[in-house]
Amino acid sequence: MKTPPRPHASKQDATTRVDAWAELRQYTAARLALGRSGVSLPTREVLGFGLSHAMARDAVHLPLDMPAMAAQLQQRGLDSIAVSSQAGDRETYLLRPDLGRRLGSEDEKRLKQLARPCHLLLVIGDGLSSMAIERHAVPLVDAIVARCPAGTTLGPVVLAHQARVALGDVIGEAMGAPMVAMLIGERPGLSAPDSLGIYLTHAPRAGRLDAERNCISNVRPEGLGYESAARKLWWLIAAARRLGQTGVALKDDSTAALDE
């Protein structure tokens with residue numbers, strides 16, 4: 001019995017086979033349906049992975065230009081205060097997350113001296129992606145300020161160097177703020193090196209648990225837009241005031257409420 005002839009393969013199919021699910025890639029930036037060349041990935045996917053990995057590393061290690069950010073805020077009439085965590089450099093910050101949650105003693109004294117009554121304190125921290133902060137923090141602050149309800153006052157914007165999320169609670173406590181929103185660069189991924197997160201804490205103080213904060217994640221044009229993030233934040237703030245707490249007790253029903 002003769003072996004049936006194999007179907008004719010085009011020149012392209014002989015070198016690179018397109019995955020049958022490739023059509024799904026138009027709906028997401030996630031790495032799926034990459035295809036294959038022989039037993040390996042196509043060269044374009046190998047190169048694309050290397051580029052994404054390099055961008056993720058840059059997002060973590062590139063220092064945030066705090067003076068430039070302070071200048072941008074000043075142009076908008078917003079005062080700012082620069083502080084640092086106890087992680088003295090980037091290497092220490094990455095190896096000792098606990099130090100990134102602690103405020104330097106001199107900065108804590110200075111914040112207490114500069115404290116003034118406000119309803120909400122905004123803290124901008126570099127976190128694990130200075131790229132996210134450089135690209136999105138200022139336009140997000142613009143959207144937040146534009147939607148600030150009448151009679152609601154904001155404190156000076158605090159710019160935090162080598163910051164982890166919980167540092168916002170320590171800063172809020174030192175400033176005597178009833179609520180703090182920490183805008184911070186999220187851990188970069190291979191398809192999103194510039195995601196910004198917002199963490200909201202009612203009655204911030206040192207030692208608050210992650211379960212006592214609400215998070216708005218993936219703020220960027222390709223994720224949750226600035227206007228949508230600002231609307232969601234103010235909805236959560238209003239709900240937190242009524243409830244008297246944030247975290248797992250505060251469910252995010254903003255989408256349904258804002259659509260009414």
# chains A, B, ... in the order shown; residues from 1 in each chain; ligands from 1
>>> residues_around(residues="Ala229 (chain A)", least_positions_apart="4", cutoff="12 Å", atoms="only C-alpha atoms", output="ChimeraX atom specification")
/A:136-137,139-144,147,183,196-199,215-221,223-225,233-236,254-255
>>> write_last_selection(atoms="C-alpha atoms", output="compact mmCIF listing (two decimals), in the first residue's frame")
# COMPACT_ATOMS: atom_id res chain seq x y z
CA HIS A 136 0.48 58.62 33.40
CA ALA A 137 0.70 60.25 36.85
CA PRO A 139 -2.62 63.36 33.32
CA LEU A 140 -4.29 61.17 35.93
CA VAL A 141 -3.90 63.90 38.55
CA ASP A 142 -5.45 66.30 36.03
CA ALA A 143 -8.48 64.02 35.70
CA ILE A 144 -8.76 63.59 39.49
CA ARG A 147 -13.62 65.74 39.04
CA LEU A 183 -0.64 56.49 42.72
CA LEU A 196 -0.25 52.57 37.15
CA GLY A 197 -2.21 51.51 40.21
CA ILE A 198 -4.25 53.59 42.68
CA TYR A 199 -4.54 52.39 46.27
CA CYS A 215 -7.07 49.11 44.36
CA ILE A 216 -7.78 50.52 40.91
CA SER A 217 -5.38 48.74 38.60
CA ASN A 218 -3.92 49.01 35.10
CA VAL A 219 -4.48 52.74 34.64
CA ARG A 220 -3.11 53.66 31.20
CA PRO A 221 -4.61 54.45 27.80
CA GLY A 223 -6.09 49.70 30.03
CA LEU A 224 -8.35 51.81 32.25
CA GLY A 225 -8.34 55.39 30.93
CA LEU A 233 -11.73 56.79 42.55
CA TRP A 234 -14.20 59.51 43.51
CA TRP A 235 -17.00 56.95 43.68
CA LEU A 236 -14.93 54.83 46.06
CA SER A 254 -19.10 51.98 40.66
CA THR A 255 -19.72 50.62 37.17
>>> closest_residue(among="A:Leu121, A:Ala174, A:Ala256, A:Ala56", to="Glu106 (chain A)", atoms="only C-alpha atoms")
A:Ala174
>>> closest_residue(among="A:Gly185, A:Pro42, A:Gly35, A:Gly168", to="Gly207 (chain A)", atoms="only C-alpha atoms")
A:Gly168
>>> select_by_dssp(residues="region 17-135 of chain A", states="alpha helix (DSSP H)", output="PyMOL selection string")
chain A and resi 43-61+66-75+90-95+105-114+130-135
>>> atom_distance(atom1="CA of Ser191 (chain A)", atom2="CA of Glu222 (chain A)")
10.6 Å
>>> residues_around(residues="region 20-23 of chain A", least_positions_apart="4", cutoff="10 Å", atoms="only C-alpha atoms", output="short mmCIF file (atom, residue, chain, number, x, y, z; two decimals) with all heavy atoms, in the first residue's frame")
data_model
loop_
_atom_site.label_atom_id
_atom_site.label_comp_id
_atom_site.auth_asym_id
_atom_site.auth_seq_id
_atom_site.Cartn_x
_atom_site.Cartn_y
_atom_site.Cartn_z
N TYR A 27 -7.50 40.81 19.87
CA TYR A 27 -8.30 41.23 21.02
C TYR A 27 -7.47 41.45 22.28
O TYR A 27 -8.00 41.90 23.30
CB TYR A 27 -9.39 40.20 21.30
CG TYR A 27 -10.31 39.96 20.13
CD1 TYR A 27 -10.27 38.77 19.42
CD2 TYR A 27 -11.21 40.95 19.73
CE1 TYR A 27 -11.10 38.55 18.34
CE2 TYR A 27 -12.04 40.75 18.65
CZ TYR A 27 -11.99 39.55 17.95
OH TYR A 27 -12.81 39.35 16.88
N LEU A 32 -0.21 35.00 23.04
CA LEU A 32 -0.90 33.75 22.75
C LEU A 32 -0.87 33.53 21.25
O LEU A 32 -0.68 34.46 20.46
CB LEU A 32 -2.34 33.78 23.29
CG LEU A 32 -3.26 34.93 22.89
CD1 LEU A 32 -3.86 34.71 21.53
CD2 LEU A 32 -4.37 35.08 23.91
N ALA A 33 -1.06 32.29 20.86
CA ALA A 33 -1.10 31.92 19.46
C ALA A 33 0.13 32.47 18.72
O ALA A 33 0.00 33.17 17.72
CB ALA A 33 -2.38 32.40 18.81
N LEU A 34 1.31 32.15 19.22
CA LEU A 34 2.53 32.74 18.67
C LEU A 34 2.98 32.07 17.37
O LEU A 34 3.81 32.62 16.67
CB LEU A 34 3.66 32.64 19.71
CG LEU A 34 3.39 33.31 21.06
CD1 LEU A 34 4.60 33.17 21.97
CD2 LEU A 34 3.03 34.78 20.87
N GLY A 35 2.45 30.90 17.09
CA GLY A 35 2.93 30.19 15.92
C GLY A 35 4.24 29.49 16.23
O GLY A 35 4.74 29.51 17.35
#
>>> closest_residue(among="A:Arg187, A:Val170, A:Ile237, A:Pro149", to="Arg208 (chain A)", atoms="only C-alpha atoms")
A:Val170
>>> select_by_dssp(residues="region 11-164 of chain A", states="strand (DSSP E)", output="ChimeraX atom specification")
/A:80-84,121-125,157-161
>>> closest_residue(among="A:Leu154, A:Ala146, A:Ala30, A:Leu62", to="Arg116 (chain A)", atoms="only C-alpha atoms")
A:Leu154
>>> residues_around(residues="region 79-84 of chain A", least_positions_apart="6", cutoff="8 Å", atoms="only C-alpha atoms", output="list in words")
Met66, Ala70, Leu73, Leu103, Gly104, Asp107, Pro156, Val157, Val158, Leu159, Ala160, His161, Gln162 and Ala163 of chain A
>>> closest_residue(among="A:Val46, A:Met175, A:Ala181, A:Leu41", to="Leu114 (chain A)", atoms="only C-alpha atoms")
A:Met175
>>> closest_residue(among="A:Leu24, A:Leu250, A:Cys148, A:Glu173", to="Ala230 (chain A)", atoms="only C-alpha atoms")
A:Cys148
>>> residues_around(residues="Lys251 (chain A)", least_positions_apart="4", cutoff="10 Å", atoms="only C-alpha atoms", output="list of chain:residue names")
A:Asn214, A:Leu236, A:Ala239, A:Ala240, A:Thr246, A:Gly247
>>> atom_distance(atom1="CA of Arg231 (chain A)", atom2="CA of Leu64 (chain A)")
26.6 Å
